[in-house]
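To keep things clear, I will list the structure first and then write my remarks on it.
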Amino acid sequence: MDQQTPAAEHVAESSAHPTDAQMIQLLTPSGERTAEGGSAPYAKRVAHLDHDALRGLYEDMVLVRRFDDEATALQRQGELGLFPQCLGQEAAQVGSGRALAAQDYVFPSYREHGVAHTRGLDLAQILLQFRGVDHGGWDTEAHNFHLYTLVIGSHALHATGYAMGVQRDGLVGTGDPDRDTAVVAYFGDGSTSQGDVNEALVFAATTNAPVVFFCQNNQWAISEPTTKQSRVPLYRRGDGFGIPGVRVDGNDVLASYAVMDEALERARSGGGPTFVEAFTYRMGAHTTSDDPTRYRSRAEEQSWRERDPIDRLRKHLESEGAWDQGWAEQVAAEADALGEHLRTYVRALEAPPASSMFDTVYASEHGTVTAERAWHAEYEAGFETSEVAR
Amino acid sequence: MDQQTPAAEHVAESSAHPTDAQMIQLLTPSGERTAEGGSAPYAKRVAHLDHDALRGLYEDMVLVRRFDDEATALQRQGELGLFPQCLGQEAAQVGSGRALAAQDYVFPSYREHGVAHTRGLDLAQILLQFRGVDHGGWDTEAHNFHLYTLVIGSHALHATGYAMGVQRDGLVGTGDPDRDTAVVAYFGDGSTSQGDVNEALVFAATTNAPVVFFCQNNQWAISEPTTKQSRVPLYRRGDGFGIPGVRVDGNDVLASYAVMDEALERARSGGGPTFVEAFTYRMGAHTTSDDPTRYRSRAEEQSWRERDPIDRLRKHLESEGAWDQGWAEQVAAEADALGEHLRTYVRALEAPPASSMFDTVYASEHGTVTAERAWHAEYEAGFETSEVAR
Amino acid sequence: MSGETQRMTMGKAINTGLRHALEGDPKVLLMGEDIGALGGVFRVTDGLQKDFGDDRVVDSPLAESGILGTAIGLALRGYRPVCEIQFDGFIFPAYDQITTQLAKIHNRSKGRLQVPVVIRVPSGGGIGAVEHHSESPEALFAHTPGLRVVAPSTPQDAYTMIREAVASPDPVLYFEPKARYWDKGDVDTSVFGTDASRASLDAAQVVRPGSDVTLVTYGAAVHVSLKAAEAAAAEGTSVEVVDLRAVSPLDTATVAASVRRTGRCVVVHEAATFLGPGAEVAARVSEECFYSLEAPVLRVGAFHAPYPVSKIEHDYLPSVDRILEAVDRLLSH
Amino acid sequence: MSGETQRMTMGKAINTGLRHALEGDPKVLLMGEDIGALGGVFRVTDGLQKDFGDDRVVDSPLAESGILGTAIGLALRGYRPVCEIQFDGFIFPAYDQITTQLAKIHNRSKGRLQVPVVIRVPSGGGIGAVEHHSESPEALFAHTPGLRVVAPSTPQDAYTMIREAVASPDPVLYFEPKARYWDKGDVDTSVFGTDASRASLDAAQVVRPGSDVTLVTYGAAVHVSLKAAEAAAAEGTSVEVVDLRAVSPLDTATVAASVRRTGRCVVVHEAATFLGPGAEVAARVSEECFYSLEAPVLRVGAFHAPYPVSKIEHDYLPSVDRILEAVDRLLSH
Ligand SMILES: Cc1ncc(C[n+]2csc(CCOP(=O)(O)OP(=O)(O)O)c2C)c(N)n1
Ligand SMILES: Cc1ncc(C[n+]2csc(CCOP(=O)(O)OP(=O)(O)O)c2C)c(N)n1
Ligand SMILES: [Mg+2]
Ligand SMILES: [Mg+2]
């Protein structure tokens with residue numbers, strides 16, 4: 001009986017590295033299909049993915065990685081102020097993102113470039129924020145993809161509230177696959193410590209909101225390992241709130257797809273929230289400002305390079321005979337084109353006019369802003385006048 | 001395997017009323033000793049409680065109830081601004097409180113009069129706050145009993161931090177029963193929704209702090225039933241944080257003692273935190289300002305009167321032949337004396353001088369306060385002068 | 001008096017405003033602790049859950065950040081949540097959501113998104129309550145761009161302003177002077193939607209004309225200011241009282257126009273004086289009316305001390321005596 | 001220069017101050033996100049975990065309310081926690097603990113309990129950062145009684161003031177002007193504990209004497225104010241610069257003494273002008289120097305808009321040009 005579980009048992013399963021068998025996995029690190037034990041029921045959720053579809057996932061991941069590379073290079077060249085890579089997390093993001101329906105709505109943190117790609121964003125738009133010319137950068141409603149939220153965990157509540165709105169709109173459990181709607185909050189392992197994330201679990205559970213909490217455990221919150229945030233695996237966080245949890249191999253694009261597919265189905269059909277832990281690894285630095293050599297070993301990083309999610313799918317495609325050199329070259333060319341696009345786009349981005357800072361403080365006219373805008377215009381005009389005068 | 005638990009199973013066990021068998025129970029509602037199933041291991045923790053000790057617990061509860069009654073009456077008479085009764089929760093509070101060692105430290109919410117009594121407080125001191133003459137009212141260090149904290153949940157973090165201090169002081173796991181120290185945070189069912197309570201679980205689990213989270217589920221947070229806060233029983237909240245949970249019949253003083261005793265022992269010996277849910281009932285209104293007829297039925301209230309924790313122990317004492325009329329009259333007299341003391345004490349409490357508001361804003365001199373205090377003194381003196389002048 | 005005018009308490013006026021807002025727009029919903037069957041601890045939402053259902057009048061879990069955070073999500077989905085915070089002192093767990101999210105999402109999205117959330121906060125003191133139940137934290141919100149901060153002082157304004165707050169595309173903190181919930185006044189519900197009504201979230205109002213001194217105030221302090229004005233009148237001093245209604249934006253034009261006439265100004269509020277709204281009023285009036293001021297702008301607010309125990313709260317809050325003392329000081333300058 | 005004087009950056013000065021505090025009192029401990037092996041994102045705690053152990057330099061879970069709440073508990077147990085908030089914009093999840101608990105426990109306990117917690121906040125803008133990484137929220141704390149709010153502007157003050165903050169029996173918010181972390185200056189560590197040092201949390205300092213105009217400023221804005229003073233000098237205007245050092249308490253005596261001499265005053269800070277610390281300064285100076293002022297007190301702060309995208313942040317922040325414009329306006333009054 002749960003209520004007499006001794007402390008020891010609770011702590012036994014530590015939050016450190018799980019074995020492959022302790023996660024839902026459909027592709028082994030060497031690229032073979034698998035569906036052992038608890039993973040078995042998930043196999044049917046990827047059964048419809050044919051070679052074309054698998055190649056599509058590969059292409060997605062390659063493009064996202066190129067985006068990461070280019071953005072990092074642009075930052076090094078001084079074109080961006082900062083950039084957070086999703087390097088290593090492509091399978092978790094692309095797999096889960098491709099399971100979404102058009103009407104589903106996503107609340108990302110700040111590292112979900114892979115999900116953004118699956119939502120049809122022109123990834124260049126993500127860079128407006130990191131160029132320092134926009135706080136957001138895209139039309140959220142065109143993609144059902146909310147802006148990046150930098151205050152850790154706060155968007156988990158937005159997602160839950162949004163899902164409560166979906167419920168009120170009558171778009172849960174209608175049985176119509178084009179109408180039933182789920183909402184997803186993406187966040188990291190460190191974020192699970194925030195009060196807001198846990199309150200989101202409270203609200204989601206008690207309202208049975210159609211929301212999926214997709215936690216990418218990339219094992220680091222900047223310099224802090226996951227053990228600083230939890231002493232049990234994060235997929236169990238939902239337990240005490242009445243929210244089912246599942247741990248998936250986040251470097252396995254198929255398993256990430258399947259687990260998300262199940263969670264979304266549960267949400268859309270009225271089954272309520274799910275907490276997904278996608279176990280993965282932040283292969284790069286936290287952001288371009290970070291220096292991981294201060295807190296983790298090269299050996300650790302190296303060991304994860306061997307579990308690279310893109311390589312894994314490539315090996316699988318090869319072993320399936322689905323690897324086609326012509327197609328691969330096409331993908332590479334596409335990636336090159338993306339790179340070119342990003343460089344051109346970013347370099348052309350100009351600073352907005354200074355006066356733009358007053359433009360959208362309020363949606364309705366606000367006296368203080370009106371007065372300050374007027375003062376600022378006069379002040380700026382004064383410079384022009386005095387320059388003319390000279 | 002936990003990670004594939006379907007949603008249904010998670011929700012199955014609702015947060016509504018558990019059966020007696022689903023709680024640790026050592027005294028049945030009709031006052032018989034029991035120790036079935038999961039309760040069995042707890043029996044040994046109360047084995048040393050002889051008739052004298054049991055009568056002591058009875059006396060405690062009677063005094064605490066008299067305190068409630070008197071304070072409520074004083075409020076009705078306009079002597080207090082407000083009063084929150086602990087009516088119905090005496091067993092949970094006295095049982096758990098009597099398990100504490102002198103060196104343990106308690107962070108109460110605002111309803112822990114029963115615990116206060118076990119910490120040796122003159123209960124009259126609690127009324128300073130409700131009389132509007134003090135924000136606190138007692139010497140916390142003399143009783144290892146912190147002030148009441150009104151901002152729901154915030155003291156759960158104070159307790160955890162305090163416990164982290166105890167660890168640093170080397171007072172965990174020394175094996176010396178007079179030195180090993182535990183810390184307890186008391187809070188209600190509604191409080192579990194606050195981010196702070198959940199963050200406290202994060203900090204306590206990761207630091208393995210010697211803290212017990214003692215949640216009195218009295219089934220109501222003002223007008224909201226526990227189902228508004230959680231869809232699974234609250235004793236499970238710790239699960240996803242790696243903190244063992246246990247549900248005890250909070251109307252059973254022996255079980256409350258035993259469960260707390262175990263949790264304290266775990267904490268003091270280095271076993272880390274425990275989450276206790278004491279299932280009980282708020283037999284009175286939320287506070288004297290509340291009107292429960294607006295949100296719950298008389299029938300419900302009546303059914304809980306039948307589980308009255310004091311009656312339960314009385315029945316047990318009677319069936320044990322440990323009920324002694326002379327002693328009972330002594331207890332009644334003691335309660336009367338307490339009542340008299342409370343009335344006299346409270347009525348004699350005067351408003352502090354207005355200038356006292358400046359006295360303890362800072363521990364060191366602060367210019368703004370110094371200036372305002374001086375202004376205020378002059379202002380007050382002005383009135384005296386002008387009155388003299390007239 | 002129009003056919004839609006009724007005499008009612010301020011609490012009832014807000015209740016009526018919420019009722020009309022719920023009737024007028026199916027996207028409006030109320031959220032908060034104990035606002036359903038109980039009707040809120042002040043009964044401001046009395047009867048609304050019964051009439052509109054528990055889907056539109058929602059008893060939330062006991063978590064203010066959760067209430068505000070989910071309200072933001074609902075607003076992003078097209079709803080218009082009106083959140084009740086049970087007491088002023090319990091708004092702070094939601095402070096992050098209000099300050100970093102609610103205030104900024106419109107701006108962050110370059111105007112593409114709106115988050116029309118209203119936060120109702122029974123606030124202020126004088127009711128003999130325990131700690132955290134009597135505070136006036138409006139300055140802690142008014143400093144943050146993106147938020148509107150208002151406080152009605154009459155039943156009419158309470159009605160008008162809650163309607164306008166719900167209709168506003170911007171987030172609005174609506175501070176309800178709880179000590180005045182039981183004050184009665186005429187409420188004309190037909191005013192909503194007129195220009196005068198729309199102005200209620202932006203424009204101050206001269207609520208008592210006078211020529212010697214201007215009292216600038218809002219919310220609960222309007223009442224005590226009017227009493228002080230009356231007492232001053234008895235002693236021959238003509239006091240003008242300006243009810244700001246909004247702390248953000250601050251209608252400095254109306255205030256300055258008054259002070260230019262009177263030459264003297266006292267700001268009165270229940271918030272602590274130090275860095276309280278009166279600091280901004282005093283700074284602006286001192287700047288804009290530099291040549292009209294016969295004496296410095298004075299402020300009568302609470303002291304730089306936590307809200308004290310209730311037995312001495314009236315020494316902490318602005319009182320008729322303290323206001324008159326300030327008026328006297330100005331006149332003897 | 002004493003033997004204990006060394007030239008170092010402001011970041012290093014704080015690091016040294018923390019090191020000495022850790023050495024001087026075994027009850028001092030540091031808490032925060034990434035302050036251990038990483039040394040904090042600004043490396044202010046660099047090397048301290050290595051030297052003092054992970055029990056005294058603690059990497060906390062990612063939860064600001066948790067950090068402050070447990071710090072309060074530790075303080076109640078006799079420890080002196082120094083908490084690092086990673087960036088200004090991330091202090092708000094801890095706002096409730098700071099405002100309703102930390103600020104009030106001493107008062108709530110009638111002085112029986114002390115909670116000597118220091119909160120270090122790298123703050124202010126000008127470093128080209130993304131949203132939430134450039135803010136100046138000090139007014140949101142200074143309004144709350146029970147808190148001390150300070151900001152050093154030089155390496156010497158950074159050292160002195162962090163030592164005094166840790167030694168203070170009261171909670172102190174210590175805002176570090178992150179844009180100035182790399183500024184170098186002489187630091188005499190022997191000053192700690194002297195009267196001059198003790199005054200650093202309370203008393204403003206004239207950091208540049210002048211006779212025509214007084215600039216009142218603190219933190220990061222001291223730098224730009226000194227540059228403006230220099231530029232003004234080149235044009236023949238003598239500008240006095242007063243570094244407040246503390247926003248709470250505000251040393252109005254030093255400011256008023258200066259303004260009585262110069263007759264003109266501009267307040268400069270990175271916080272938004274509306275209800276910013278300058279509002280209180282302007283209100284007080286206008287009141288206390290009523291007969292000495294030749295012109296109204298002006299304020300140069302950020303605008304009533306969320307901190308903008310970094311490409312235009314220099315238009316948002318006070319600049320030499322904006323300060324000079326204000327000085328010119330005063331002189332032409
Ligand atoms: C409230 C808040 N506190 C601190 C930060 C600074 N910060 C940015 S990212 C980060 C670590 C996040 O870790 P995790 O949630 O695991 O996400 P990851 O970056 O690994 O994807 C921190 C501490 C922040 N953005 N918000
Ligand atoms: C942060 C905060 N929000 C709201 C309140 C108002 N309030 C006081 S008690 C209470 C209900 C508490 O319920 P529970 O935790 O179950 O404790 P109980 O009163 O039943 O003992 C509420 C909402 C508060 N004190 N603090
Ligand atoms: Mg991470
Ligand atoms: Mg309760």
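So you can find residues: chains in the structure tokens are A, B, ... in the order shown, residues in each start at 1, and ligands are numbered from 1 in order.
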Next on the checklist: At a cut-off of 6 Å, which residues of chain C touch chain D? Count only C-alpha atoms and give the answer as JSON, numbers by chain.
Outcome noted: {"C": [92, 93, 96, 140, 143, 145, 274, 275, 279, 280, 282, 283, 287, 296, 304, 305, 306]}
Take the residues just selected and output them with N, CA and C atoms as a PDB file, in the first residue's frame.
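Below you can see result.pdb, which holds the result:
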ATOM      1  N   PHE C  92       0.401  39.078  -3.508  1.00  0.00           N
ATOM      2  CA  PHE C  92       1.820  38.982  -3.847  1.00  0.00           C
ATOM      3  C   PHE C  92       2.275  37.654  -4.426  1.00  0.00           C
ATOM      4  N   PRO C  93       1.661  36.531  -4.069  1.00  0.00           N
ATOM      5  CA  PRO C  93       2.057  35.303  -4.774  1.00  0.00           C
ATOM      6  C   PRO C  93       1.814  35.411  -6.290  1.00  0.00           C
ATOM      7  N   ASP C  96       4.521  37.974  -9.726  1.00  0.00           N
ATOM      8  CA  ASP C  96       5.330  37.671 -10.911  1.00  0.00           C
ATOM      9  C   ASP C  96       4.460  37.582 -12.159  1.00  0.00           C
ATOM     10  N   LEU C 140       2.766  49.560  -5.926  1.00  0.00           N
ATOM     11  CA  LEU C 140       3.606  48.438  -6.342  1.00  0.00           C
ATOM     12  C   LEU C 140       3.181  47.899  -7.707  1.00  0.00           C
ATOM     13  N   HIS C 143       3.757  51.452 -10.821  1.00  0.00           N
ATOM     14  CA  HIS C 143       5.110  51.717 -11.353  1.00  0.00           C
ATOM     15  C   HIS C 143       5.389  50.859 -12.596  1.00  0.00           C
ATOM     16  N   PRO C 145       4.834  49.592 -16.190  1.00  0.00           N
ATOM     17  CA  PRO C 145       4.147  49.946 -17.433  1.00  0.00           C
ATOM     18  C   PRO C 145       3.367  48.744 -17.967  1.00  0.00           C
ATOM     19  N   PHE C 274       5.991  57.075   1.748  1.00  0.00           N
ATOM     20  CA  PHE C 274       7.282  56.907   1.092  1.00  0.00           C
ATOM     21  C   PHE C 274       7.131  56.098  -0.193  1.00  0.00           C
ATOM     22  N   LEU C 275       7.403  56.754  -1.315  1.00  0.00           N
ATOM     23  CA  LEU C 275       7.262  56.160  -2.635  1.00  0.00           C
ATOM     24  C   LEU C 275       5.840  55.717  -2.949  1.00  0.00           C
ATOM     25  N   ALA C 279       3.847  60.521  -3.986  1.00  0.00           N
ATOM     26  CA  ALA C 279       5.171  60.989  -4.387  1.00  0.00           C
ATOM     27  C   ALA C 279       5.132  61.443  -5.842  1.00  0.00           C
ATOM     28  N   GLU C 280       4.470  60.648  -6.673  1.00  0.00           N
ATOM     29  CA  GLU C 280       4.376  61.014  -8.083  1.00  0.00           C
ATOM     30  C   GLU C 280       3.515  62.256  -8.251  1.00  0.00           C
ATOM     31  N   ALA C 282       2.988  64.617  -6.061  1.00  0.00           N
ATOM     32  CA  ALA C 282       3.711  65.771  -5.532  1.00  0.00           C
ATOM     33  C   ALA C 282       4.818  66.205  -6.485  1.00  0.00           C
ATOM     34  N   ALA C 283       5.522  65.218  -7.038  1.00  0.00           N
ATOM     35  CA  ALA C 283       6.611  65.548  -7.964  1.00  0.00           C
ATOM     36  C   ALA C 283       6.057  66.292  -9.180  1.00  0.00           C
ATOM     37  N   GLU C 287       6.384  70.265 -10.208  1.00  0.00           N
ATOM     38  CA  GLU C 287       7.002  70.645 -11.481  1.00  0.00           C
ATOM     39  C   GLU C 287       6.056  71.503 -12.326  1.00  0.00           C
ATOM     40  N   PRO C 296       4.749  74.347  -0.355  1.00  0.00           N
ATOM     41  CA  PRO C 296       5.080  73.029  -0.912  1.00  0.00           C
ATOM     42  C   PRO C 296       3.882  72.076  -0.890  1.00  0.00           C
ATOM     43  N   HIS C 304       5.945  54.844   7.254  1.00  0.00           N
ATOM     44  CA  HIS C 304       6.865  53.814   6.756  1.00  0.00           C
ATOM     45  C   HIS C 304       7.010  52.718   7.811  1.00  0.00           C
ATOM     46  N   ALA C 305       5.936  52.005   7.984  1.00  0.00           N
ATOM     47  CA  ALA C 305       5.865  50.915   8.961  1.00  0.00           C
ATOM     48  C   ALA C 305       4.854  49.923   8.412  1.00  0.00           C
ATOM     49  N   PRO C 306       5.023  48.648   8.691  1.00  0.00           N
ATOM     50  CA  PRO C 306       3.993  47.687   8.267  1.00  0.00           C
ATOM     51  C   PRO C 306       2.645  48.113   8.833  1.00  0.00           C
TER      52      PRO C 306
END
Next on the checklist: Can you work out which residues from chain C touch chain A at a cut-off of 10 Å (counting only C-alpha atoms) and hand them back as a PyMOL selection string?
Outcome noted: chain C and resi 27+55-56+60-79+93-94+96-97+100-101+103-116+145-148+168-171+201-203+248-253
Checklist entry - Could you list, as a VMD selection string, all the residues within 8 Å of ligand 2, counting only C-alpha atoms and all ligand atoms? => result (chain B and resid 84 86 109 to 111 150 to 154 187 to 192 194 216 to 222 226 282 286) or (chain C and resid 33 to 34 62 to 64 85 to 87 89 to 93)
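Listed by chain and then by rising number, the residues of range 259-357 of chain A that DSSP assigns to strand (DSSP E or B) from the backbone are Thr274, Phe275, Val276, Glu277, Ala278 and Phe279 of chain A.
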Write out the residues from the selection above, keeping all heavy atoms, as an mmCIF file, in the first residue's frame.
data_model
loop_
_atom_site.group_PDB
_atom_site.id
_atom_site.type_symbol
_atom_site.label_atom_id
_atom_site.label_comp_id
_atom_site.auth_asym_id
_atom_site.auth_seq_id
_atom_site.Cartn_x
_atom_site.Cartn_y
_atom_site.Cartn_z
ATOM 1 N N THR A 274 -1.360 15.078 -18.944
ATOM 2 C CA THR A 274 -0.298 14.079 -18.843
ATOM 3 C C THR A 274 1.009 14.818 -18.599
ATOM 4 O O THR A 274 1.194 15.924 -19.108
ATOM 5 C CB THR A 274 -0.163 13.284 -20.160
ATOM 6 O OG1 THR A 274 -1.423 12.701 -20.477
ATOM 7 C CG2 THR A 274 0.905 12.185 -20.057
ATOM 8 N N PHE A 275 1.874 14.204 -17.835
ATOM 9 C CA PHE A 275 3.215 14.764 -17.625
ATOM 10 C C PHE A 275 4.211 13.856 -18.338
ATOM 11 O O PHE A 275 4.348 12.683 -18.000
ATOM 12 C CB PHE A 275 3.524 14.817 -16.131
ATOM 13 C CG PHE A 275 4.782 15.587 -15.800
ATOM 14 C CD1 PHE A 275 4.701 16.890 -15.314
ATOM 15 C CD2 PHE A 275 6.045 15.030 -15.978
ATOM 16 C CE1 PHE A 275 5.847 17.611 -14.999
ATOM 17 C CE2 PHE A 275 7.200 15.745 -15.679
ATOM 18 C CZ PHE A 275 7.105 17.046 -15.183
ATOM 19 N N VAL A 276 4.879 14.385 -19.335
ATOM 20 C CA VAL A 276 5.865 13.610 -20.087
ATOM 21 C C VAL A 276 7.266 14.082 -19.704
ATOM 22 O O VAL A 276 7.530 15.288 -19.709
ATOM 23 C CB VAL A 276 5.691 13.789 -21.610
ATOM 24 C CG1 VAL A 276 6.763 13.031 -22.374
ATOM 25 C CG2 VAL A 276 4.294 13.355 -22.051
ATOM 26 N N GLU A 277 8.122 13.171 -19.357
ATOM 27 C CA GLU A 277 9.534 13.506 -19.207
ATOM 28 C C GLU A 277 10.280 12.921 -20.390
ATOM 29 O O GLU A 277 10.305 11.703 -20.575
ATOM 30 C CB GLU A 277 10.122 12.915 -17.918
ATOM 31 C CG GLU A 277 11.632 13.198 -17.790
ATOM 32 C CD GLU A 277 12.311 12.420 -16.653
ATOM 33 O OE1 GLU A 277 11.645 11.570 -16.025
ATOM 34 O OE2 GLU A 277 13.521 12.641 -16.426
ATOM 35 N N ALA A 278 10.847 13.788 -21.210
ATOM 36 C CA ALA A 278 11.669 13.320 -22.335
ATOM 37 C C ALA A 278 13.119 13.405 -21.882
ATOM 38 O O ALA A 278 13.664 14.501 -21.699
ATOM 39 C CB ALA A 278 11.426 14.183 -23.563
ATOM 40 N N PHE A 279 13.703 12.243 -21.671
ATOM 41 C CA PHE A 279 15.070 12.209 -21.158
ATOM 42 C C PHE A 279 16.043 12.409 -22.304
ATOM 43 O O PHE A 279 16.111 11.614 -23.241
ATOM 44 C CB PHE A 279 15.336 10.882 -20.450
ATOM 45 C CG PHE A 279 16.558 10.941 -19.588
ATOM 46 C CD1 PHE A 279 16.484 11.447 -18.289
ATOM 47 C CD2 PHE A 279 17.792 10.538 -20.077
ATOM 48 C CE1 PHE A 279 17.616 11.544 -17.499
ATOM 49 C CE2 PHE A 279 18.931 10.633 -19.288
ATOM 50 C CZ PHE A 279 18.844 11.132 -17.992
#
Next on the checklist: I need the helix (DSSP H, G or I) residues of range 33-102 of chain B per DSSP on the backbone, written as a PyMOL selection string.
Outcome noted: chain B and resi 37-46+51-76+90-98
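Distances here use only C-alpha atoms; by that measure, the residue among A:Arg268, A:Arg237, A:Arg294, A:Arg119 closest to chain B is A:Arg237.
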Checklist entry - Which residue, A:Thr174, A:Thr34, A:Thr72, A:Ser230, has the smallest gap to chain B when you use only C-alpha atoms? => result A:Ser230
Checklist outcome for this item: As a check of understanding: the span from CA of Phe241 in chain A to CA of Gly270 in chain A is 17.2 Å
Checklist entry - Hey, what's within 12 Å of Thr16 in chain D if we count only C-alpha atoms and toss same-chain stuff fewer than 2 positions away? As a PyMOL selection string, please? => result chain D and resi 4-14+18-24+43-48+155-156+158-163+187-189
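Using only C-alpha atoms, the protein and nucleic acid residues lying no more than 6 Å from Arg264 in chain C, apart from those fewer than 2 places from it along its own chain, are Val213, Thr214, Val259, Thr262 and Leu293 of chain C.
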Restricting the output to C-alpha atoms, write the selected residues as a PDB file, in the first residue's frame.
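Just written: result-v8.pdb:
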ATOM      1  CA  VAL C 213      -6.485  74.202  -1.035  1.00  0.00           C
ATOM      2  CA  THR C 214      -6.673  71.176  -3.302  1.00  0.00           C
ATOM      3  CA  VAL C 259      -3.756  73.553  -7.981  1.00  0.00           C
ATOM      4  CA  THR C 262      -5.849  77.100  -5.275  1.00  0.00           C
ATOM      5  CA  LEU C 293       2.340  77.051  -5.628  1.00  0.00           C
TER       6      LEU C 293
END
Next on the checklist: I want to know what sits within 12 Å of range 295-300 of chain B, based on only C-alpha atoms, with residues of the same chain fewer than 2 positions away left out; could you give that as a count of residues only?
Outcome noted: 33
